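Accompanying notes for the structure given below.
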Amino acid sequence: MVTSLRIGIAGAGVLGRLAAWQLARLGHQVSVFDPAEGPGPSFDGQGAAGFTAAGMLSPLAELDAAETDVAERGWHSIERWAQITQELARLHHRPPHFDREGSLMVAHGADLGAARRVLSRIETGARQWPQQPQALTPTALQALEPALHGSAGPLHAWLLPGEGAICTVGTLKALQATAPGVQWHWQHRVEALSAGQLSSISPDHPEPQAHAFDCVMDLRGTGARASTPVRGVRGEVIWLHAPGVALRRPVRLLHPRHRVYIVPRPGDVFVVGASEIESEDRSAVSLRSAVELMAAAHSVIPALAEARILRLDTNLRPALPDNRPEIHTEPGLIRINGLYRHGWLLAPSLLDEALSRAGLGA
C-alpha cells in the first residue's frame with residue numbers, strides 16, 4: 001500500500017500537469033502552484049510553453065542535433081503517451097489526439113545535398129534501433145500523403161517510422177481536468193523553494209506565504225531562473241485552418257537555413273513552426289518569420305494557399321547551458337529542467353526516472 005504524501009509542485013506546464021496527474025492517481029495529496037490566470041492557454045507568450053509546442057514526437061528526427069539518449073528517452077515517452085492518452089480518452093469527454101503513424105522529412109530538389117547530410121547524421125545515430133529512415137519515391141509519397149508535392153517539382157521524401165504527434169492543448173487540458181483531488185493554485189507565483197517547502201505570492205497574498213510538504217517538485221522551466229542556469233529559447237508557430245486539406249503525418253521541410261515543421265491537428269488545423277531561435281524575446285511573431293514559415297509550408301502543400309490564419313504564437317523553451325535535460329533529486333526535493341525543444345518528447349521519460357529515484361513511482 002502506498003503511503004499518501006503531501007506533494008507541492010511548482011509549475012503547471014506539461015511536466016507539472018503530468019506529475020500531478022500521475023501522483024494523484026497513486027493516492028498522494030498534490031498541490032500545484034502556477035502564475036497563470038487559469039488552466040487554459042493564454043497564447044500571449046507568457047503561459048506554459050507546452051501550449052505553444054506543436055507536439056511532434058520525433059526520436060529519429062532529433063538525432064540531427066541531439067545525442068542518442070534523447071532518442072532513447074523519446075521512444076520510452078511515445079509508449080507512455082500511448083498509455084496516458086488511452087486513459088485520458090476513458091476519463092475525459094474530449095480525449096486528446098495522439099498518433100504514431102510516422103513522420104515525414106521532405107526536401108526540394110535544390111536542397112537535396114543539405115537533406116542528405118541531415119539523413120546521414122540521423123542514420124548514424126539510429127543504428128541501434130530497428131526504426132530507420134525510409135526513402136520514398138514520388139509515387140509512394142503520393143500514396144501516403146496526396147497533399148504533399150513541391151511547388152517547383154517533385155519532392156525528395158523519407159518516412160521516419162514509429163514517430164508520432166500529440167495534441168498539446170487538448171492533452172494539457174485533459175490532464176488538469178482528470179487529476180483526482182489536486183489543488184490547483186492559479187495566480188500563485190513561487191518565489192522560493194527548498195526541500196519540503198515552497199513560498200508563493202498571489203493577488204490575495206502579496207507577501208510570500210510558506211507551504212510545507214513532504215516533497216516539493218520544481219518543474220517551472222524558465223520560471224526557475226533564480227535557482228538554476230536556465231535560459232529561454234524562442235519558438236514561433238502559426239495556426240492555420242484549411243478545410244479540405246488532408247495530412248495525416250507531421251512533416252519537416254529540410255532546408256539549408258530552416259527546419260520548418262507542419263503538424264496536422266483535429267478540425268482541419270495545421271501548426272507551422274520553426275525549431276529554435278536563440279532569443280529570449282517574447283514579443284509577437286515578426287513579419288519576416290511569418291512570411292518565411294507560411295511560404296515554406298505553402299511550397300510543399302500548395303493547397304494551403306487558401307488556409308486562414310487562426311493565430312500567431314510565440315513562447316520560450318527552457319534550456320540549460322549544454323542544451324540537455326537535468327534531473328536532480330534529494331530528500332524532499334525533485335528538480336527537472338532543460339527540456340529545450342524536446343519537452344513533449346522527453347517529459348514522460350524524465351518524470352518516470354525522477355519519481356523512481358525518489359521512491360514515488362508506481
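Going through the C-alpha cells in order, the chains are called A, B, and so on, while each chain numbers its residues from 1 and the ligands are numbered from 1 in the order shown.
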
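Residues in contact with Asp313 (chain A) at 10 Å, where only C-alpha atoms are counted and same-chain residues fewer than 5 positions away are skipped, are listed as Ser42, Phe43, Asp44, Gly45, Phe51, Thr52, Ala53, Gly235, Glu236, Val237, Ile238, Trp239, Gly273, Arg282, Ser283, Ala284 and Val285 of chain A.
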
Would you please extract all helix (DSSP H, G or I) residues from region 256-315 of chain A, as assigned by DSSP on the backbone, and give them as an MDAnalysis selection string? chainID A and resid 287:300 302:306

What would the file look like if the residues just selected were written as a short mmCIF file (atom, residue, chain, number, x, y, z; two decimals), in the first residue's frame with all heavy atoms?
```cif
data_model
loop_
_atom_site.label_atom_id
_atom_site.label_comp_id
_atom_site.auth_asym_id
_atom_site.auth_seq_id
_atom_site.Cartn_x
_atom_site.Cartn_y
_atom_site.Cartn_z
N LEU A 287 7.11 39.93 -39.01
CA LEU A 287 6.66 39.80 -40.39
C LEU A 287 7.55 38.82 -41.15
O LEU A 287 7.07 37.94 -41.87
CB LEU A 287 6.67 41.16 -41.08
CG LEU A 287 6.36 41.16 -42.58
CD1 LEU A 287 4.95 40.69 -42.84
CD2 LEU A 287 6.59 42.55 -43.16
N ARG A 288 8.87 38.94 -40.99
CA ARG A 288 9.79 38.07 -41.71
C ARG A 288 9.56 36.60 -41.35
O ARG A 288 9.49 35.74 -42.23
CB ARG A 288 11.25 38.45 -41.41
CG ARG A 288 12.26 37.58 -42.14
CD ARG A 288 13.67 38.06 -41.91
NE ARG A 288 14.05 37.95 -40.51
CZ ARG A 288 15.24 38.33 -40.04
NH1 ARG A 288 16.14 38.86 -40.86
NH2 ARG A 288 15.53 38.20 -38.77
N SER A 289 9.44 36.31 -40.05
CA SER A 289 9.21 34.92 -39.63
C SER A 289 7.91 34.39 -40.19
O SER A 289 7.85 33.26 -40.69
CB SER A 289 9.20 34.82 -38.11
OG SER A 289 10.47 35.06 -37.56
N ALA A 290 6.85 35.19 -40.10
CA ALA A 290 5.55 34.74 -40.57
C ALA A 290 5.59 34.44 -42.07
O ALA A 290 5.08 33.40 -42.52
CB ALA A 290 4.48 35.79 -40.26
N VAL A 291 6.21 35.33 -42.85
CA VAL A 291 6.29 35.13 -44.29
C VAL A 291 7.11 33.88 -44.62
O VAL A 291 6.71 33.05 -45.45
CB VAL A 291 6.89 36.37 -44.98
CG1 VAL A 291 7.22 36.08 -46.43
CG2 VAL A 291 5.92 37.54 -44.88
N GLU A 292 8.26 33.71 -43.94
CA GLU A 292 9.11 32.56 -44.23
C GLU A 292 8.43 31.24 -43.86
O GLU A 292 8.49 30.27 -44.62
CB GLU A 292 10.44 32.69 -43.48
CG GLU A 292 11.35 33.78 -44.05
CD GLU A 292 12.67 33.85 -43.32
OE1 GLU A 292 12.81 33.20 -42.26
OE2 GLU A 292 13.57 34.57 -43.80
N LEU A 293 7.78 31.19 -42.70
CA LEU A 293 7.12 29.96 -42.28
C LEU A 293 5.98 29.60 -43.22
O LEU A 293 5.85 28.44 -43.65
CB LEU A 293 6.58 30.12 -40.85
CG LEU A 293 7.61 30.17 -39.73
CD1 LEU A 293 6.92 30.45 -38.39
CD2 LEU A 293 8.40 28.88 -39.64
N MET A 294 5.15 30.57 -43.55
CA MET A 294 4.00 30.26 -44.41
C MET A 294 4.42 29.96 -45.84
O MET A 294 3.84 29.09 -46.49
CB MET A 294 2.99 31.41 -44.35
CG MET A 294 2.26 31.47 -43.00
SD MET A 294 0.95 32.71 -42.92
CE MET A 294 1.91 34.21 -42.73
N ALA A 295 5.46 30.64 -46.33
CA ALA A 295 5.94 30.35 -47.68
C ALA A 295 6.53 28.94 -47.74
O ALA A 295 6.32 28.21 -48.72
CB ALA A 295 7.00 31.37 -48.09
N ALA A 296 7.24 28.53 -46.68
CA ALA A 296 7.81 27.18 -46.65
C ALA A 296 6.70 26.14 -46.64
O ALA A 296 6.77 25.13 -47.36
CB ALA A 296 8.71 27.03 -45.43
N ALA A 297 5.68 26.35 -45.82
CA ALA A 297 4.56 25.40 -45.76
C ALA A 297 3.84 25.32 -47.10
O ALA A 297 3.52 24.24 -47.59
CB ALA A 297 3.60 25.80 -44.65
N HIS A 298 3.61 26.47 -47.70
CA HIS A 298 2.91 26.51 -48.99
C HIS A 298 3.73 25.83 -50.09
O HIS A 298 3.18 25.24 -51.02
CB HIS A 298 2.62 27.96 -49.36
CG HIS A 298 1.97 28.12 -50.70
ND1 HIS A 298 2.61 28.68 -51.77
CD2 HIS A 298 0.74 27.77 -51.13
CE1 HIS A 298 1.80 28.68 -52.82
NE2 HIS A 298 0.67 28.13 -52.47
N SER A 299 5.07 25.86 -49.97
CA SER A 299 5.91 25.29 -51.02
C SER A 299 5.83 23.78 -51.08
O SER A 299 6.19 23.18 -52.10
CB SER A 299 7.38 25.73 -50.81
OG SER A 299 7.98 25.01 -49.73
N VAL A 300 5.38 23.12 -50.01
CA VAL A 300 5.26 21.66 -50.02
C VAL A 300 3.80 21.20 -49.93
O VAL A 300 3.50 20.04 -50.21
CB VAL A 300 6.09 21.01 -48.89
CG1 VAL A 300 7.57 21.25 -49.13
CG2 VAL A 300 5.68 21.52 -47.52
N PRO A 302 0.76 22.98 -51.55
CA PRO A 302 0.19 24.13 -52.27
C PRO A 302 -1.26 24.41 -51.91
O PRO A 302 -1.71 25.57 -52.00
CB PRO A 302 0.33 23.71 -53.74
CG PRO A 302 1.50 22.77 -53.76
CD PRO A 302 1.41 22.02 -52.46
N ALA A 303 -2.01 23.40 -51.48
CA ALA A 303 -3.42 23.60 -51.14
C ALA A 303 -3.60 24.50 -49.93
O ALA A 303 -4.71 24.99 -49.67
CB ALA A 303 -4.10 22.25 -50.89
N LEU A 304 -2.52 24.79 -49.20
CA LEU A 304 -2.63 25.70 -48.06
C LEU A 304 -2.79 27.16 -48.50
O LEU A 304 -2.95 28.04 -47.65
CB LEU A 304 -1.40 25.58 -47.15
CG LEU A 304 -1.29 24.31 -46.31
CD1 LEU A 304 0.02 24.31 -45.52
CD2 LEU A 304 -2.47 24.19 -45.35
N ALA A 305 -2.76 27.41 -49.78
CA ALA A 305 -2.88 28.79 -50.26
C ALA A 305 -4.15 29.47 -49.77
O ALA A 305 -4.16 30.68 -49.52
CB ALA A 305 -2.83 28.82 -51.79
N GLU A 306 -5.21 28.71 -49.62
CA GLU A 306 -6.48 29.29 -49.17
C GLU A 306 -6.72 29.10 -47.68
O GLU A 306 -7.82 29.33 -47.19
CB GLU A 306 -7.64 28.68 -49.97
CG GLU A 306 -7.62 29.02 -51.44
CD GLU A 306 -7.65 30.53 -51.67
OE1 GLU A 306 -8.43 31.23 -50.96
OE2 GLU A 306 -6.88 31.02 -52.52
#
```

Considering only C-alpha atoms, tabulate each residue of region 29-66 of chain A that lies at most 10 Å from region 186-210 of chain A along with its nearest interatomic pair and the corresponding distance in Å to one decimal; arrange the rows by chain and ascending residue number and present them as a Markdown table.
```
| residue | atom | partner | partner_atom | distance |
| --- | --- | --- | --- | --- |
| A:Val32 | CA | A:Trp186 | CA | 8.1 |
| A:Phe33 | CA | A:His188 | CA | 5.5 |
| A:Asp34 | CA | A:His188 | CA | 5.2 |
| A:Pro35 | CA | A:Gln187 | CA | 4.1 |
| A:Ala36 | CA | A:Gln187 | CA | 5.3 |
| A:Glu37 | CA | A:Gln187 | CA | 5.4 |
| A:Gly38 | CA | A:Trp186 | CA | 5.6 |
| A:Pro39 | CA | A:Trp186 | CA | 7.7 |
```

Written selection (N, CA and C atoms) as a CSV table (one decimal), in the first residue's frame:
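Below is the file that was written, again-v5.csv:
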```csv
chain,number,residue,atom,x,y,z
A,32,VAL,N,-0.6,22.2,-6.8
A,32,VAL,CA,0.2,22.8,-7.9
A,32,VAL,C,0.1,24.3,-7.8
A,33,PHE,N,1.2,25.0,-8.0
A,33,PHE,CA,1.3,26.4,-7.9
A,33,PHE,C,1.8,27.0,-9.3
A,34,ASP,N,1.1,27.9,-9.9
A,34,ASP,CA,1.5,28.4,-11.2
A,34,ASP,C,1.0,29.9,-11.3
A,35,PRO,N,1.7,30.8,-11.9
A,35,PRO,CA,1.3,32.2,-12.1
A,35,PRO,C,0.2,32.4,-13.1
A,36,ALA,N,-0.1,31.4,-13.9
A,36,ALA,CA,-1.1,31.6,-14.9
A,36,ALA,C,-2.5,32.0,-14.3
A,37,GLU,N,-3.3,32.6,-15.2
A,37,GLU,CA,-4.7,33.0,-14.7
A,37,GLU,C,-5.5,31.8,-14.4
A,38,GLY,N,-5.3,30.8,-15.2
A,38,GLY,CA,-6.2,29.6,-15.0
A,38,GLY,C,-5.6,28.4,-15.8
A,39,PRO,N,-6.3,27.3,-16.0
A,39,PRO,CA,-5.8,26.2,-16.6
A,39,PRO,C,-5.7,26.2,-18.1
```

Can you list, as number ranges by chain, all residues belonging to region 14-64 of chain A that DSSP tags as strand (DSSP E or B)? A: 29-34, 56-57

Counting only C-alpha atoms, the residue of A:Ile84, A:Ala157, A:Thr137, A:Arg248 that sits nearest His108 (chain A): A:Ala157

To one decimal place in Å, what is the distance between CA of Arg249 (chain A) and CA of Ile262 (chain A)?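 That distance, rounded to one decimal, is 8.7 Å.
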
Have a look at CA of Leu144 (chain A) and CA of Leu112 (chain A) and let me know their distance in Å, one decimal.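 That distance, rounded to one decimal, is 20.6 Å.
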
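Every protein, DNA or RNA residue with an atom at most 10 Å from Glu72 (chain A), where only C-alpha atoms count and chain neighbours fewer than 3 positions away do not, is listed here: Pro59, Leu60, Glu67, Thr68, Asp69, Trp75, His76, Ser77, Ala126, Gln128, Trp129, Leu346 and Ser349 of chain A.
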
Can you work out which one of A:Glu163, A:Asp99, A:Glu145, A:Asp64 has the shortest atom-to-atom distance to Ala115 (chain A), counting only C-alpha atoms?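 Closest to Ala115 (chain A), using only C-alpha atoms: A:Asp64.
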